[in-house]
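J.: Pasting work_33.cif below, which is mmCIF, C-alpha atoms.
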```
data_model
loop_
_atom_site.group_PDB
_atom_site.id
_atom_site.type_symbol
_atom_site.label_atom_id
_atom_site.label_comp_id
_atom_site.auth_asym_id
_atom_site.auth_seq_id
_atom_site.Cartn_x
_atom_site.Cartn_y
_atom_site.Cartn_z
ATOM 1 C CA GLY A 1 6.058 -0.283 19.618
ATOM 2 C CA PHE A 2 6.047 -2.991 17.017
ATOM 3 C CA GLY A 3 8.734 -5.647 17.514
ATOM 4 C CA LYS A 4 10.786 -5.996 14.382
ATOM 5 C CA PHE A 5 13.458 -8.575 15.176
ATOM 6 C CA PHE A 6 12.573 -12.059 13.983
ATOM 7 C CA ARG A 7 15.922 -13.782 14.537
ATOM 8 C CA ASP A 8 15.573 -14.765 18.175
ATOM 9 C CA GLU A 9 13.231 -14.908 21.127
ATOM 10 C CA SER A 10 14.491 -11.633 22.602
ATOM 11 C CA ALA A 11 12.204 -9.169 24.356
ATOM 12 C CA THR A 12 11.604 -7.497 20.996
ATOM 13 C CA ALA A 13 10.661 -10.778 19.308
ATOM 14 C CA ALA A 14 8.209 -11.460 22.106
ATOM 15 C CA ARG A 15 6.282 -8.316 21.090
ATOM 16 C CA LEU A 16 5.576 -9.551 17.560
ATOM 17 C CA THR A 17 1.941 -9.643 16.544
ATOM 18 C CA PRO A 18 0.396 -13.115 16.155
ATOM 19 C CA LEU A 19 0.378 -12.644 12.358
ATOM 20 C CA HIS A 20 4.076 -11.759 12.224
ATOM 21 C CA ARG A 21 4.973 -14.585 14.587
ATOM 22 C CA SER A 22 3.021 -17.052 12.417
ATOM 23 C CA ILE A 23 4.716 -15.833 9.212
ATOM 24 C CA PHE A 24 8.125 -16.215 10.800
ATOM 25 C CA ASN A 25 7.455 -19.557 12.501
ATOM 26 C CA SER A 26 6.176 -21.044 9.225
ATOM 27 C CA ARG A 27 9.612 -20.309 7.711
ATOM 28 C CA LEU A 28 7.954 -18.903 4.560
ATOM 29 C CA VAL A 29 10.280 -15.915 4.773
ATOM 30 C CA ARG A 30 13.761 -15.068 5.989
ATOM 31 C CA PRO A 31 14.560 -12.607 8.783
ATOM 32 C CA CYS A 32 16.870 -9.673 8.080
ATOM 33 C CA ALA A 33 19.846 -9.193 10.394
ATOM 34 C CA PHE A 34 18.975 -5.503 10.766
ATOM 35 C CA GLY A 35 15.316 -6.075 11.609
ATOM 36 C CA GLY A 36 12.163 -7.040 9.816
ATOM 37 C CA LEU A 37 12.154 -9.528 6.991
ATOM 38 C CA GLU A 38 14.668 -9.754 4.176
ATOM 39 C CA CYS A 39 13.357 -8.425 0.881
ATOM 40 C CA ASP A 40 14.376 -7.194 -2.531
ATOM 41 C CA PHE A 41 15.000 -3.454 -2.192
ATOM 42 C CA LYS A 42 13.301 -2.475 -5.438
ATOM 43 C CA SER A 43 10.193 -4.689 -5.432
ATOM 44 C CA GLY A 44 9.661 -5.444 -1.738
ATOM 45 C CA ARG A 45 9.428 -9.154 -2.575
ATOM 46 C CA LEU A 46 10.206 -11.096 0.594
ATOM 47 C CA ALA A 47 13.111 -13.519 0.483
ATOM 48 C CA PRO A 48 11.879 -17.103 0.829
ATOM 49 C CA GLY A 49 12.807 -19.148 3.859
ATOM 50 C CA GLU A 50 14.877 -22.293 3.658
ATOM 51 C CA GLY A 51 13.193 -24.900 1.471
ATOM 52 C CA VAL A 52 10.508 -22.519 0.178
ATOM 53 C CA PRO A 53 10.294 -22.167 -3.629
ATOM 54 C CA SER A 54 11.548 -18.805 -4.871
ATOM 55 C CA SER A 55 8.503 -18.635 -7.144
ATOM 56 C CA ARG A 56 6.291 -17.853 -4.144
ATOM 57 C CA LEU A 57 5.331 -14.185 -4.304
ATOM 58 C CA LEU A 58 5.082 -12.544 -0.903
ATOM 59 C CA TYR A 59 5.674 -8.824 -0.488
ATOM 60 C CA GLY A 60 6.267 -6.531 2.456
ATOM 61 C CA VAL A 61 5.852 -2.819 3.129
ATOM 62 C CA GLY A 62 6.230 -0.657 6.201
ATOM 63 C CA HIS A 63 7.916 -1.850 9.384
ATOM 64 C CA LEU A 64 7.998 -5.403 8.070
ATOM 65 C CA ILE A 65 10.934 -4.494 5.775
ATOM 66 C CA SER A 66 12.631 -1.996 8.077
ATOM 67 C CA GLY A 67 15.970 -3.831 7.986
ATOM 68 C CA THR A 68 16.259 -3.415 4.221
ATOM 69 C CA LYS A 69 14.825 0.091 3.979
ATOM 70 C CA LEU A 70 15.352 2.598 6.749
ATOM 71 C CA LEU A 71 12.436 4.871 5.893
ATOM 72 C CA THR A 72 9.380 2.635 5.872
ATOM 73 C CA SER A 73 6.675 3.910 8.182
ATOM 74 C CA GLY A 74 5.518 7.091 6.437
ATOM 75 C CA LEU A 75 2.422 6.923 4.285
ATOM 76 C CA SER A 76 4.322 8.108 1.205
ATOM 77 C CA TYR A 77 6.921 5.338 1.667
ATOM 78 C CA CYS A 78 4.232 2.678 2.105
ATOM 79 C CA LEU A 79 2.389 3.884 -1.001
ATOM 80 C CA SER A 80 5.575 3.903 -3.055
ATOM 81 C CA ASP A 81 6.638 0.467 -1.830
ATOM 82 C CA GLY A 82 3.128 -0.873 -2.430
ATOM 83 C CA ALA A 83 3.143 0.444 -5.996
ATOM 84 C CA SER A 84 6.527 -1.214 -6.592
ATOM 85 C CA ALA A 85 5.162 -4.515 -5.266
ATOM 86 C CA VAL A 86 2.108 -4.331 -7.544
ATOM 87 C CA THR A 87 4.291 -3.512 -10.563
ATOM 88 C CA ASP A 88 6.557 -6.473 -9.807
ATOM 89 C CA PHE A 89 3.597 -8.795 -9.274
ATOM 90 C CA ILE A 90 2.012 -7.788 -12.582
ATOM 91 C CA SER A 91 5.283 -8.308 -14.459
ATOM 92 C CA MET A 92 5.666 -11.763 -12.873
ATOM 93 C CA VAL A 93 2.114 -12.754 -13.855
ATOM 94 C CA HIS A 94 2.606 -11.544 -17.438
ATOM 95 C CA SER A 95 5.917 -13.396 -17.794
ATOM 96 C CA ARG A 96 4.360 -16.782 -16.978
#
```
Would you put the structure from the file into structure tokens?

T.:
Amino acid sequence: GFGKFFRDESATAARLTPLHRSIFNSRLVRPCAFGGLECDFKSGRLAPGEGVPSSRLLYGVGHLISGTKLLTSGLSYCLSDGASAVTDFISMVHSR
């Protein structure tokens, strides 16, 4: 299955897709100790990596945020998390 641990070069990390490996290696985001990438529970906004401005808006749904949310792979969870991300994005755009 999909490798979800970004913290080290373990056997699981070796199974990351090229996209996920690139996102992690660029240090744009921060790995979660429990798997996936660290994010805000409510909005799904990914936590920025070291030295990355917090104003950068990157969001995650599904397995990508499995360390923050346990139930992430079902279609209903992805739709709900996606709607939360869109709502947060719109509020951020309107507040600028």

J.: What's the separation between CA of Gly44 (chain A) and CA of Leu70 (chain A), in Å to one decimal place?

T.: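 Answer for the CA of Gly44 (chain A) to CA of Leu70 (chain A) separation: 13.0 Å.
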
J.: Evaluate the PyMOL selection byres ((chain A and resi 30) around 9) on the structure here and hand back the selected residues as a PDB file with C-alpha atoms, keeping the file's coordinate frame.

T.:
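Output (result.pdb):
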```pdb
ATOM      1  CA  PHE A   6      12.573 -12.059  13.983  1.00  0.00           C
ATOM      2  CA  ARG A   7      15.922 -13.782  14.537  1.00  0.00           C
ATOM      3  CA  PHE A  24       8.125 -16.215  10.800  1.00  0.00           C
ATOM      4  CA  ARG A  27       9.612 -20.309   7.711  1.00  0.00           C
ATOM      5  CA  LEU A  28       7.954 -18.903   4.560  1.00  0.00           C
ATOM      6  CA  VAL A  29      10.280 -15.915   4.773  1.00  0.00           C
ATOM      7  CA  PRO A  31      14.560 -12.607   8.783  1.00  0.00           C
ATOM      8  CA  CYS A  32      16.870  -9.673   8.080  1.00  0.00           C
ATOM      9  CA  LEU A  37      12.154  -9.528   6.991  1.00  0.00           C
ATOM     10  CA  GLU A  38      14.668  -9.754   4.176  1.00  0.00           C
ATOM     11  CA  CYS A  39      13.357  -8.425   0.881  1.00  0.00           C
ATOM     12  CA  LEU A  46      10.206 -11.096   0.594  1.00  0.00           C
ATOM     13  CA  ALA A  47      13.111 -13.519   0.483  1.00  0.00           C
ATOM     14  CA  PRO A  48      11.879 -17.103   0.829  1.00  0.00           C
ATOM     15  CA  GLY A  49      12.807 -19.148   3.859  1.00  0.00           C
ATOM     16  CA  GLU A  50      14.877 -22.293   3.658  1.00  0.00           C
TER      17      GLU A  50
END
```

J.: Would you pick out the contacts of Met92 (chain A) at 10 Å or less, using all atoms listed in the file, so that residues sharing its chain but fewer than 6 positions from it are not included, and give the list as a PDB file with C-alpha atoms, keeping the file's coordinate frame?

T.:
```
ATOM      1  CA  SER A  55       8.503 -18.635  -7.144  1.00  0.00           C
ATOM      2  CA  LEU A  57       5.331 -14.185  -4.304  1.00  0.00           C
ATOM      3  CA  VAL A  86       2.108  -4.331  -7.544  1.00  0.00           C
TER       4      VAL A  86
END
```

J.: Nearest to Leu79 (chain A) among A:Gly36, A:Val93, A:Val61, A:His20, with distances taken over all atoms listed in the file: which residue is it?

T.: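 Between A:Gly36, A:Val93, A:Val61, A:His20, the residue approaching Leu79 (chain A) most closely is A:Val61.
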
J.: How many Å lie between CA of Ser80 (chain A) and CA of Pro53 (chain A), rounded to one decimal?

T.: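 One can read the CA of Ser80 (chain A) to CA of Pro53 (chain A) distance as 26.5 Å.
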
J.: How many Å lie between CA of Ala85 (chain A) and CA of Leu58 (chain A), rounded to one decimal?

T.: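 Separation between CA of Ala85 (chain A) and CA of Leu58 (chain A): 9.1 Å.
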
J.: With the file shown as input, list the residues that the PyMOL selection byres ((chain A and resi 63) around 10) selects, as a JSON list (two decimals) with C-alpha atoms, keeping the file's coordinate frame.

T.:
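Generated output (selection-v9.json):
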```
[["chain", "number", "residue", "atom", "x", "y", "z"],
["A", 2, "PHE", "CA", 6.05, -2.99, 17.02],
["A", 3, "GLY", "CA", 8.73, -5.65, 17.51],
["A", 4, "LYS", "CA", 10.79, -6.00, 14.38],
["A", 35, "GLY", "CA", 15.32, -6.08, 11.61],
["A", 36, "GLY", "CA", 12.16, -7.04, 9.82],
["A", 37, "LEU", "CA", 12.15, -9.53, 6.99],
["A", 60, "GLY", "CA", 6.27, -6.53, 2.46],
["A", 61, "VAL", "CA", 5.85, -2.82, 3.13],
["A", 62, "GLY", "CA", 6.23, -0.66, 6.20],
["A", 64, "LEU", "CA", 8.00, -5.40, 8.07],
["A", 65, "ILE", "CA", 10.93, -4.49, 5.78],
["A", 66, "SER", "CA", 12.63, -2.00, 8.08],
["A", 67, "GLY", "CA", 15.97, -3.83, 7.99],
["A", 68, "THR", "CA", 16.26, -3.42, 4.22],
["A", 69, "LYS", "CA", 14.82, 0.09, 3.98],
["A", 70, "LEU", "CA", 15.35, 2.60, 6.75],
["A", 71, "LEU", "CA", 12.44, 4.87, 5.89],
["A", 72, "THR", "CA", 9.38, 2.64, 5.87],
["A", 73, "SER", "CA", 6.68, 3.91, 8.18],
["A", 74, "GLY", "CA", 5.52, 7.09, 6.44],
["A", 78, "CYS", "CA", 4.23, 2.68, 2.10]]
```

J.: A:Gly82, A:Ser26, A:Arg21, A:Tyr77: which is nearest Gly51 (chain A), counting all atoms listed in the file?

T.: A:Ser26

J.: I'd like to know which of A:Arg96, A:Lys42, A:Leu16, A:Ser54 is closest to Ala83 (chain A), using all atoms listed in the file.

T.: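 Nearest candidate to Ala83 (chain A) out of A:Arg96, A:Lys42, A:Leu16, A:Ser54: A:Lys42.
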
J.: Of the residues A:Phe34, A:Ser43, A:Leu75, A:Ser22, which is the one nearest to Ile90 (chain A), using only C-alpha atoms?

T.: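 Using only C-alpha atoms, the shortest distance to Ile90 (chain A) belongs to A:Ser43.
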